[in-house]
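model-v9.cif (mmCIF, C-alpha atoms)
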```
data_protein
loop_
_atom_site.label_atom_id
_atom_site.label_comp_id
_atom_site.auth_asym_id
_atom_site.auth_seq_id
_atom_site.Cartn_x
_atom_site.Cartn_y
_atom_site.Cartn_z
CA MET A 1 77.90 87.99 102.96
CA ALA A 2 75.12 90.51 102.85
CA PHE A 3 72.27 88.27 104.01
CA VAL A 4 73.03 88.77 107.71
CA GLU A 5 71.25 91.97 108.75
CA ASP A 6 69.77 93.37 111.93
CA ALA A 7 66.64 94.40 110.06
CA ALA A 8 65.36 90.81 110.36
CA GLY A 9 64.22 90.69 106.75
CA SER A 10 61.83 93.61 107.08
CA THR A 11 62.65 95.04 103.67
CA TRP A 12 62.36 93.60 100.19
CA ARG A 13 66.01 94.30 99.62
CA SER A 14 67.09 92.15 102.53
CA TRP A 15 64.78 89.36 101.38
CA ALA A 16 66.18 89.56 97.86
CA LYS A 17 69.76 89.43 99.14
CA ARG A 18 69.11 86.37 101.28
CA ALA A 19 67.19 84.65 98.48
CA ALA A 20 70.11 85.22 96.12
CA VAL A 21 72.59 83.82 98.63
CA TRP A 22 70.59 80.70 99.54
CA SER A 23 69.77 80.04 95.88
CA ALA A 24 73.44 79.23 95.28
CA PRO A 25 73.60 76.03 97.38
CA ALA A 26 70.04 75.16 96.32
CA LEU A 27 70.97 75.27 92.64
CA PHE A 28 74.19 73.37 93.28
CA SER A 29 72.25 70.67 95.13
CA ALA A 30 69.69 70.45 92.31
CA LEU A 31 72.43 70.21 89.69
CA GLU A 32 74.18 67.45 91.62
CA THR A 33 70.93 65.48 92.04
CA TYR A 34 70.03 65.87 88.38
CA SER A 35 73.47 64.60 87.32
CA PHE A 36 73.06 61.43 89.42
CA SER A 37 69.39 60.92 88.48
CA ARG A 38 70.15 60.77 84.77
CA ASP A 39 71.33 57.16 85.26
CA MET A 40 67.97 56.13 86.79
CA PRO A 41 65.55 54.06 84.67
CA GLN A 42 63.03 56.90 84.85
CA ALA A 43 65.14 60.08 84.87
CA PRO A 44 63.09 63.01 86.24
CA ALA A 45 62.63 66.21 84.27
CA PRO A 46 64.89 69.11 85.32
CA TRP A 47 61.95 71.10 86.72
CA ARG A 48 61.08 68.18 89.01
CA VAL A 49 64.61 68.13 90.37
CA LEU A 50 64.47 71.88 91.03
CA ALA A 51 61.07 71.54 92.73
CA ALA A 52 62.36 68.67 94.88
CA GLN A 53 65.67 70.24 95.97
CA MET A 54 65.30 74.01 96.20
CA PRO A 55 62.37 74.55 98.65
CA ALA A 56 64.27 72.88 101.51
CA TRP A 57 67.07 75.43 101.22
CA TYR A 58 64.66 78.32 101.38
CA VAL A 59 63.70 77.43 104.95
CA TRP A 60 66.83 79.43 105.80
CA LEU A 61 65.30 82.63 104.41
CA PRO A 62 62.99 83.60 107.27
CA LEU A 63 65.24 82.04 109.93
CA THR A 64 68.54 83.68 109.00
CA PRO A 65 67.76 86.98 110.83
CA TRP A 66 66.66 85.01 113.89
CA LEU A 67 69.88 82.98 113.81
CA THR A 68 71.84 86.20 113.44
CA ARG A 69 70.32 87.63 116.60
CA LEU A 70 70.87 84.32 118.37
CA ALA A 71 74.54 84.37 117.35
CA LEU A 72 74.95 87.86 118.82
CA ARG A 73 73.09 86.97 122.02
CA GLU A 74 74.72 83.58 122.61
CA ARG A 75 78.35 84.26 121.77
CA LEU A 76 80.74 81.35 121.39
CA ASN A 77 83.78 83.45 122.25
CA PRO A 78 84.81 82.83 124.93
CA PRO A 79 83.53 79.23 124.87
CA ARG A 80 80.82 78.51 127.46
CA VAL A 81 78.49 75.58 128.00
CA ARG A 82 75.20 77.43 127.51
CA PRO A 83 75.97 78.99 124.08
CA VAL A 84 77.38 75.68 122.82
CA VAL A 85 74.23 73.78 123.87
CA VAL A 86 71.92 76.48 122.47
CA HIS A 87 73.63 76.53 119.08
CA LEU A 88 73.84 72.74 118.94
CA LEU A 89 70.09 72.45 119.51
CA ALA A 90 69.42 75.24 117.01
CA CYS A 91 71.55 73.49 114.39
CA LEU A 92 69.76 70.16 114.96
CA GLY A 93 66.41 71.98 114.76
CA MET A 94 67.37 73.61 111.46
CA GLY A 95 68.46 70.24 110.15
CA ALA A 96 65.13 68.68 111.19
CA LEU A 97 63.13 71.46 109.50
CA PHE A 98 65.24 71.21 106.35
CA ALA A 99 64.81 67.42 106.30
CA GLY A 100 61.04 67.73 106.73
CA VAL A 101 60.67 70.00 103.69
CA TYR A 102 63.16 67.92 101.73
CA ALA A 103 61.34 64.64 102.47
CA THR A 104 58.02 66.21 101.40
CA THR A 105 59.26 67.71 98.12
CA THR A 106 61.28 64.68 97.05
CA ALA A 107 58.30 62.41 97.74
CA GLY A 108 56.11 64.64 95.60
CA PHE A 109 58.39 65.33 92.63
CA MET A 110 61.07 62.63 92.45
CA PRO A 111 60.41 59.01 91.44
CA PRO A 112 61.18 56.52 94.23
CA MET A 113 64.45 54.64 94.17
CA PRO A 114 64.10 50.97 93.12
CA GLY A 115 63.10 48.90 96.13
CA ARG A 116 62.05 51.92 98.20
CA GLU A 117 58.55 52.46 96.86
CA SER A 118 56.95 51.70 100.20
CA VAL A 119 59.23 53.81 102.39
CA THR A 120 57.22 56.00 104.78
CA TRP A 121 57.55 59.77 105.06
CA ALA A 122 59.01 59.44 108.55
CA ALA A 123 61.73 57.15 107.23
CA ARG A 124 62.44 59.61 104.41
CA TRP A 125 62.63 62.43 106.93
CA LEU A 126 64.99 60.58 109.25
CA ARG A 127 67.23 59.56 106.35
CA ALA A 128 67.32 63.16 105.00
CA TRP A 129 67.97 64.61 108.45
CA TRP A 130 70.92 62.32 109.08
CA GLY A 131 72.29 62.57 105.55
CA TRP A 132 72.11 66.37 105.35
CA LEU A 133 73.28 67.03 108.93
CA PRO A 134 76.95 67.74 108.02
CA MET A 135 75.84 70.19 105.33
CA MET A 136 73.41 71.85 107.74
CA GLY A 137 76.21 72.18 110.29
CA MET A 138 78.40 73.91 107.71
CA ALA A 139 75.59 76.27 106.71
CA TYR A 140 74.81 77.07 110.34
CA ALA A 141 78.48 77.73 111.10
CA THR A 142 78.65 80.06 108.10
CA VAL A 143 75.72 82.09 109.41
CA LEU A 144 77.38 82.36 112.83
CA ALA A 145 80.72 83.38 111.33
CA VAL A 146 79.21 86.05 109.09
CA ALA A 147 77.08 87.41 111.94
CA SER A 148 80.12 87.67 114.22
CA ALA A 149 82.24 89.27 111.49
CA ASN A 150 79.54 91.84 110.69
CA GLN A 151 79.12 92.65 114.35
CA SER A 152 82.87 93.10 114.80
CA ALA A 153 83.03 95.33 111.71
CA ARG A 154 80.07 97.36 113.00
CA ARG A 155 81.74 97.81 116.40
CA ALA A 156 84.97 98.88 114.66
CA ARG A 157 83.09 101.44 112.56
CA ASP A 158 81.29 102.75 115.63
CA SER A 159 84.61 103.05 117.47
CA GLU A 160 86.13 104.91 114.53
CA ARG A 161 83.18 107.29 114.38
CA GLN A 162 83.36 107.92 118.11
CA ALA A 163 87.12 108.48 117.93
CA ALA A 164 86.67 110.88 115.01
CA ALA A 165 83.92 112.77 116.83
CA LEU A 166 86.08 113.04 119.96
CA ALA A 167 89.02 114.24 117.88
CA VAL A 168 86.86 116.95 116.29
CA GLN A 169 85.53 118.02 119.69
CA LEU A 170 89.05 118.11 121.10
CA ALA A 171 90.32 120.16 118.15
CA GLU A 172 87.41 122.60 118.47
CA SER A 173 88.02 122.94 122.21
CA ARG A 174 91.70 123.64 121.64
CA LEU A 175 90.95 126.18 118.93
CA LEU A 176 88.40 127.93 121.11
CA ALA A 177 90.87 128.04 123.99
CA LEU A 178 93.59 129.44 121.70
CA GLN A 179 91.27 132.06 120.26
CA SER A 180 90.01 133.07 123.68
CA GLN A 181 93.62 133.88 124.65
CA LEU A 182 93.81 136.55 121.95
CA HIS A 183 90.85 138.66 123.01
CA PRO A 184 91.97 139.55 126.58
CA HIS A 185 95.60 139.78 125.45
CA PHE A 186 94.72 142.33 122.76
CA LEU A 187 92.24 144.14 125.01
CA PHE A 188 94.68 144.57 127.91
CA ASN A 189 97.40 145.95 125.63
CA THR A 190 95.00 148.47 124.08
CA LEU A 191 93.64 149.56 127.45
CA ASN A 192 97.20 150.06 128.69
CA ALA A 193 97.85 152.33 125.71
CA ILE A 194 94.70 154.33 126.52
CA VAL A 195 95.81 154.64 130.16
CA VAL A 196 99.15 156.04 128.99
CA LEU A 197 97.36 158.66 126.84
CA VAL A 198 95.10 159.64 129.75
CA ARG A 199 98.09 160.07 132.07
CA GLU A 200 99.76 162.25 129.45
CA ARG A 201 96.50 164.27 129.21
CA GLU A 202 96.02 163.32 125.56
CA THR A 203 92.28 163.12 126.13
CA GLN A 204 91.14 163.51 122.53
CA GLU A 205 93.39 160.69 121.37
CA ALA A 206 92.26 158.56 124.32
CA ALA A 207 88.60 159.18 123.47
CA ARG A 208 89.23 158.34 119.83
CA MET A 209 90.95 155.10 120.89
CA LEU A 210 87.99 154.18 123.08
CA VAL A 211 85.60 154.69 120.15
CA LEU A 212 87.79 152.58 117.85
CA LEU A 213 88.16 149.94 120.55
CA SER A 214 84.40 149.78 121.00
CA ASP A 215 83.91 149.37 117.26
CA LEU A 216 86.58 146.69 117.09
CA LEU A 217 85.18 144.75 120.04
CA ARG A 218 81.74 144.79 118.43
CA GLN A 219 83.22 143.24 115.30
CA LEU A 220 84.99 140.58 117.35
CA LEU A 221 81.90 139.74 119.38
CA GLN A 222 79.84 139.34 116.21
CA LYS A 223 82.19 136.59 115.09
CA GLY A 224 81.88 134.76 118.41
CA ALA A 225 83.66 131.38 118.28
CA THR A 226 84.02 131.44 114.49
CA GLN A 227 87.35 129.89 113.56
CA GLU A 228 87.60 130.94 109.91
CA VAL A 229 86.46 134.13 108.19
CA PRO A 230 86.89 135.72 104.76
CA LEU A 231 90.18 137.57 104.40
CA ARG A 232 88.10 140.69 103.69
CA ASP A 233 86.71 140.58 107.25
CA GLU A 234 90.13 139.87 108.71
CA VAL A 235 91.57 142.88 106.89
CA ALA A 236 88.73 145.06 108.19
CA VAL A 237 89.46 144.03 111.78
CA LEU A 238 93.18 144.63 111.29
CA SER A 239 92.46 148.06 109.81
CA ARG A 240 90.58 149.05 112.96
CA TYR A 241 93.38 147.72 115.12
CA LEU A 242 96.02 149.65 113.17
CA GLU A 243 93.97 152.83 113.48
CA LEU A 244 94.25 152.38 117.22
CA GLN A 245 97.98 151.88 116.93
CA ARG A 246 98.45 154.94 114.72
CA LEU A 247 96.98 157.03 117.53
CA ARG A 248 99.41 155.39 119.92
CA PHE A 249 102.47 155.81 117.70
CA ALA A 250 101.38 159.20 116.27
CA ASP A 251 103.57 160.04 113.25
CA ARG A 252 105.97 157.15 113.84
CA LEU A 253 103.79 154.53 112.07
CA ARG A 254 102.95 154.20 108.41
CA VAL A 255 100.96 151.22 107.07
CA GLU A 256 101.37 149.92 103.53
CA TRP A 257 98.81 147.45 102.16
CA ALA A 258 99.64 144.98 99.39
CA VAL A 259 96.54 142.78 99.49
CA ASP A 260 95.56 141.31 96.14
CA PRO A 261 91.82 142.02 95.62
CA ASP A 262 91.40 138.53 94.13
CA VAL A 263 92.16 136.90 97.49
CA LEU A 264 89.78 138.90 99.68
CA GLU A 265 87.21 136.09 99.67
CA ALA A 266 89.75 133.46 100.76
CA SER A 267 89.14 131.67 104.06
CA VAL A 268 91.64 132.49 106.84
CA PRO A 269 91.77 131.87 110.61
CA HIS A 270 89.99 134.57 112.58
CA LEU A 271 92.54 137.03 114.08
CA VAL A 272 95.49 135.45 112.30
CA LEU A 273 97.01 138.83 111.30
CA GLN A 274 96.45 140.87 114.46
CA PRO A 275 98.99 139.07 116.72
CA LEU A 276 101.59 139.20 113.93
CA ALA A 277 101.02 142.93 113.49
CA GLU A 278 101.21 143.44 117.24
CA ASN A 279 104.47 141.50 117.35
CA ALA A 280 105.90 143.67 114.53
CA LEU A 281 104.86 146.87 116.28
CA ARG A 282 106.30 145.83 119.62
CA HIS A 283 109.60 144.28 118.53
CA GLY A 284 110.10 146.13 115.26
CA ILE A 285 108.71 149.64 114.94
CA GLY A 286 108.49 150.11 118.69
CA MET A 287 112.26 149.62 118.93
CA ARG A 288 112.91 152.54 116.54
CA SER A 289 113.14 156.18 117.45
CA ALA A 290 112.34 157.25 113.90
CA ALA A 291 109.19 156.55 111.88
CA GLY A 292 108.62 152.99 110.74
CA VAL A 293 106.66 151.14 108.10
CA LEU A 294 104.34 148.18 108.63
CA ARG A 295 103.63 146.21 105.45
CA ILE A 296 100.60 143.89 105.15
CA GLY A 297 100.44 141.59 102.12
CA ALA A 298 98.27 138.78 100.80
CA ARG A 299 98.49 136.84 97.54
CA ARG A 300 97.69 133.47 96.08
CA LEU A 301 100.49 131.00 95.33
CA GLY A 302 98.95 128.11 93.39
CA ASP A 303 96.94 126.08 95.92
CA ALA A 304 98.16 128.18 98.85
CA LEU A 305 97.42 131.60 100.30
CA GLU A 306 100.38 133.67 101.52
CA LEU A 307 99.89 136.31 104.19
CA THR A 308 102.78 138.57 105.20
CA VAL A 309 103.31 141.09 107.97
CA GLY A 310 106.61 142.94 107.77
CA ASP A 311 108.33 145.85 109.45
CA ASP A 312 111.51 147.85 108.93
CA GLY A 313 112.65 147.59 112.52
CA PRO A 314 116.05 146.38 113.74
CA GLY A 315 115.36 142.80 112.67
CA LEU A 316 115.77 139.52 114.49
CA PRO A 317 118.73 138.67 116.65
CA ARG A 318 120.80 135.91 115.15
CA GLU A 319 120.00 133.54 118.00
CA PHE A 320 116.23 133.98 117.59
CA ASP A 321 114.41 130.62 117.48
CA LEU A 322 110.77 130.65 116.37
CA GLU A 323 110.08 127.16 117.71
CA ALA A 324 111.38 128.16 121.14
CA CYS A 325 109.34 131.37 121.20
CA GLN A 326 106.60 131.06 123.82
CA GLY A 327 104.94 134.49 123.42
CA ILE A 328 101.18 134.45 123.11
CA GLY A 329 101.14 135.97 119.61
CA LEU A 330 103.50 133.65 117.72
CA SER A 331 102.96 130.47 119.72
CA ASN A 332 99.18 130.92 119.57
CA THR A 333 99.25 131.47 115.81
CA ARG A 334 101.48 128.46 115.27
CA ALA A 335 99.20 126.25 117.42
CA ARG A 336 96.03 127.40 115.64
CA LEU A 337 97.53 126.77 112.21
CA SER A 338 98.50 123.27 113.31
CA GLN A 339 95.02 122.53 114.65
CA LEU A 340 93.21 123.89 111.59
CA TYR A 341 95.45 122.73 108.75
CA GLY A 342 97.97 120.22 110.09
CA ASP A 343 101.15 120.18 108.03
CA ALA A 344 99.55 122.43 105.38
CA GLY A 345 99.63 125.51 107.65
CA HIS A 346 102.98 127.22 108.27
CA LEU A 347 104.32 130.27 110.09
CA ARG A 348 107.79 131.49 109.16
CA ILE A 349 109.74 134.43 110.60
CA ARG A 350 112.68 135.73 108.60
CA GLY A 351 114.90 138.78 108.38
CA PRO A 352 118.65 139.18 108.92
CA GLU A 353 119.66 141.40 111.78
CA GLY A 354 119.28 145.11 111.05
CA VAL A 355 117.04 144.98 107.96
CA GLY A 356 113.56 144.37 109.33
CA THR A 357 111.43 141.29 109.95
CA VAL A 358 108.74 139.53 107.90
CA ALA A 359 106.24 137.02 109.31
CA THR A 360 104.79 134.77 106.59
CA VAL A 361 101.74 132.55 106.97
CA LEU A 362 100.99 129.87 104.36
CA LEU A 363 97.50 128.34 104.28
CA PRO A 364 95.66 125.96 101.95
CA TRP A 365 93.70 128.03 99.41
CA ARG A 366 89.94 127.84 99.67
CA CYS A 367 87.13 130.35 99.28
CA SER A 368 85.12 131.25 102.33
CA PRO A 369 81.47 130.10 102.18
CA ASP A 370 80.28 133.21 103.99
CA SER A 371 82.35 135.84 102.19
CA ALA A 372 80.85 139.22 102.66
CA GLY A 373 81.30 142.54 101.55
CA VAL A 374 83.32 145.38 102.88
CA ALA A 375 86.80 146.25 101.71
CA HIS A 376 89.26 147.96 103.94
CA GLY A 377 89.90 151.63 103.68
#
```
Please, can you express the file's structure as structure tokens?
Amino acid sequence: MAFVEDAAGSTWRSWAKRAAVWSAPALFSALETYSFSRDMPQAPAPWRVLAAQMPAWYVWLPLTPWLTRLALRERLNPPRVRPVVVHLLACLGMGALFAGVYATTTAGFMPPMPGRESVTWAARWLRAWWGWLPMMGMAYATVLAVASANQSARRARDSERQAAALAVQLAESRLLALQSQLHPHFLFNTLNAIVVLVRERETQEAARMLVLLSDLLRQLLQKGATQEVPLRDEVAVLSRYLELQRLRFADRLRVEWAVDPDVLEASVPHLVLQPLAENALRHGIGMRSAAGVLRIGARRLGDALELTVGDDGPGLPREFDLEACQGIGLSNTRARLSQLYGDAGHLRIRGPEGVGTVATVLLPWRCSPDSAGVAHG
């Protein structure tokens, strides 16, 4: 029932709702009285019956918010003496107020019953108070029940909102922790490669790697804690990373792009491709003595986006188990996909032994709200 509100009737809407609710028993009472009064020698007009019966019920209008607050302050569960006494007195007081209005309106609009022409107002009031007391008790109990139910529902909604907010905060914290693992992991590997070049006196290549690393780090820092970016930006970051790796691998690395231009504005997890490419370089092309090919692909499949990173290395050993793999690259990617997309995000590694390996990421398709503008070279 919508007439129990914490606003204490401060708005016209709340007043209208309570008036509509309390009009129901008032009209029922008037209809019942009119049906019985039709057998009287001087049957009253319908408007007189309405004027005699309905005002008494409207004493509940201004008092319902007060009773609601009283119900929340003096709770009956668990049962205690004080709340029981308070509500009993409040119920008797409501009955007395109702009876006072009822005695006044019936005396003014209804003809007296035969033989009761000289009955005083006090006698009318006492008779109405006693006669209507069971009905007042039922009405009072209804107000208490609705107030308690609304309060319980409000507490449940608040708990759900708090739980949802905590879940979002926890998910964001986990994502941030996962993403923060990638930056030092990638940085240390690149710096190790630069150290190797310096030791081998390949100073020009080392200087070029430092410039590319600086450019790449600037791009990463600009994104900060951003969890999702347009695929266009992700491809740009990966391009810089692969430039670094081409200096490291010299002529042994060739990169083939198969990125559909129509999917460049799709939303993807930040740094979702880099750890997969790093994994392919380390366990695929890095295991070859001859030149190798790294293939990067992206296309739309209905309501999903498919990203692929493949190599033509020696392939996976037959006993390879993706779920058991605890390396930072694959396990981190798998955890981030789970946090961001639940069951809708997948990472699959396939490739029979000896014919290369392909890592495939499936994401829900959606356009990035902050898609921006630079294609990879």
Give me the result of the PyMOL selection byres ((chain A and resi 125-128) around 8) on this file, residue by residue, as a ChimeraX atom specification.
-> /A:96,99-100,102-103,121-124,129-132
Write out as a PyMOL selection string the residues lying within 9 Å of Gly313 (chain A), counting all atoms listed in the file and excluding same-chain residues fewer than 6 positions away.
-> chain A and resi 280-281+283-288+292-293+354-357
Return as an MDAnalysis selection string the set of residues that the PyMOL selection byres ((chain A and resi 361) around 12) yields on the displayed structure.
-> chainID A and resid 268:269 272:273 276 296:301 304:310 330 333:334 336:338 341 344:350 358:360 362:365
Matched chain/residue IDs from the PyMOL selection byres ((chain A and resi 70-80) around 12), as number ranges by chain = A: 4-6, 8, 63-69, 81-91, 140-152
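Atom pair CA of Arg295 (chain A) / CA of Val259 (chain A) has a distance of 9.9 Å (rounded to one decimal).
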Report the distance between CA of Trp257 (chain A) and CA of Asp303 (chain A) in Å, rounded to one decimal place.
-> 22.3 Å
Do you have the CA of Pro134 (chain A)-CA of Pro44 (chain A) distance handy?
->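 One can read the CA of Pro134 (chain A) to CA of Pro44 (chain A) distance as 26.2 Å.
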Using only C-alpha atoms: which of A:Ala107, A:Val195, A:Val229, A:Ala56 has the shortest distance to Trp22 (chain A) =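 Under the stated criterion, the closest residue is A:Ala56.
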Taking all atoms of region 332-344 of chain A that the file lists and extending 3 Å past them on each side, where is the centre of the axis-aligned box and how long are its edges? Answer in Å to one decimal, as AutoDock Vina command-line options.
```
--center_x 97.3 --center_y 125.8 --center_z 112.5 --size_x 14.3 --size_y 17.3 --size_z 20.2
```
Rebuild N, CA, C and O atoms on region 19-34 of chain A, as a CSV table (one decimal), keeping the file's coordinate frame?
```csv
chain,number,residue,atom,x,y,z
A,19,ALA,N,67.6,85.6,99.5
A,19,ALA,CA,67.2,84.6,98.5
A,19,ALA,C,68.3,84.4,97.5
A,19,ALA,O,68.5,83.2,97.1
A,20,ALA,N,69.0,85.4,97.1
A,20,ALA,CA,70.1,85.2,96.1
A,20,ALA,C,71.2,84.4,96.7
A,20,ALA,O,71.8,83.5,96.0
A,21,VAL,N,71.5,84.6,98.0
A,21,VAL,CA,72.6,83.8,98.6
A,21,VAL,C,72.2,82.4,98.8
A,21,VAL,O,73.0,81.5,98.4
A,22,TRP,N,71.0,82.1,99.3
A,22,TRP,CA,70.6,80.7,99.5
A,22,TRP,C,70.2,80.0,98.2
A,22,TRP,O,70.2,78.7,98.2
A,23,SER,N,70.0,80.7,97.2
A,23,SER,CA,69.8,80.0,95.9
A,23,SER,C,71.0,79.3,95.4
A,23,SER,O,70.9,78.4,94.6
A,24,ALA,N,72.2,79.8,95.8
A,24,ALA,CA,73.4,79.2,95.3
A,24,ALA,C,73.6,77.8,95.7
A,24,ALA,O,73.7,76.9,94.9
A,25,PRO,N,73.5,77.4,97.0
A,25,PRO,CA,73.6,76.0,97.4
A,25,PRO,C,72.4,75.2,96.9
A,25,PRO,O,72.5,74.0,96.6
A,26,ALA,N,71.2,75.9,96.8
A,26,ALA,CA,70.0,75.2,96.3
A,26,ALA,C,70.2,74.7,94.9
A,26,ALA,O,69.9,73.6,94.5
A,27,LEU,N,70.7,75.6,94.0
A,27,LEU,CA,71.0,75.3,92.6
A,27,LEU,C,72.1,74.2,92.5
A,27,LEU,O,72.0,73.3,91.7
A,28,PHE,N,73.1,74.4,93.3
A,28,PHE,CA,74.2,73.4,93.3
A,28,PHE,C,73.7,72.0,93.7
A,28,PHE,O,74.0,71.0,93.0
A,29,SER,N,72.8,72.0,94.7
A,29,SER,CA,72.2,70.7,95.1
A,29,SER,C,71.4,70.1,94.0
A,29,SER,O,71.4,68.9,93.8
A,30,ALA,N,70.6,70.9,93.4
A,30,ALA,CA,69.7,70.4,92.3
A,30,ALA,C,70.5,69.9,91.1
A,30,ALA,O,70.2,68.9,90.5
A,31,LEU,N,71.6,70.6,90.8
A,31,LEU,CA,72.4,70.2,89.7
A,31,LEU,C,73.1,68.9,90.0
A,31,LEU,O,73.2,68.0,89.1
A,32,GLU,N,73.5,68.7,91.2
A,32,GLU,CA,74.2,67.4,91.6
A,32,GLU,C,73.2,66.3,91.6
A,32,GLU,O,73.5,65.2,91.0
A,33,THR,N,72.0,66.5,92.1
A,33,THR,CA,70.9,65.5,92.0
A,33,THR,C,70.5,65.1,90.6
A,33,THR,O,70.3,64.0,90.3
A,34,TYR,N,70.4,66.1,89.8
A,34,TYR,CA,70.0,65.9,88.4
A,34,TYR,C,71.1,65.1,87.7
A,34,TYR,O,70.8,64.1,86.9
```
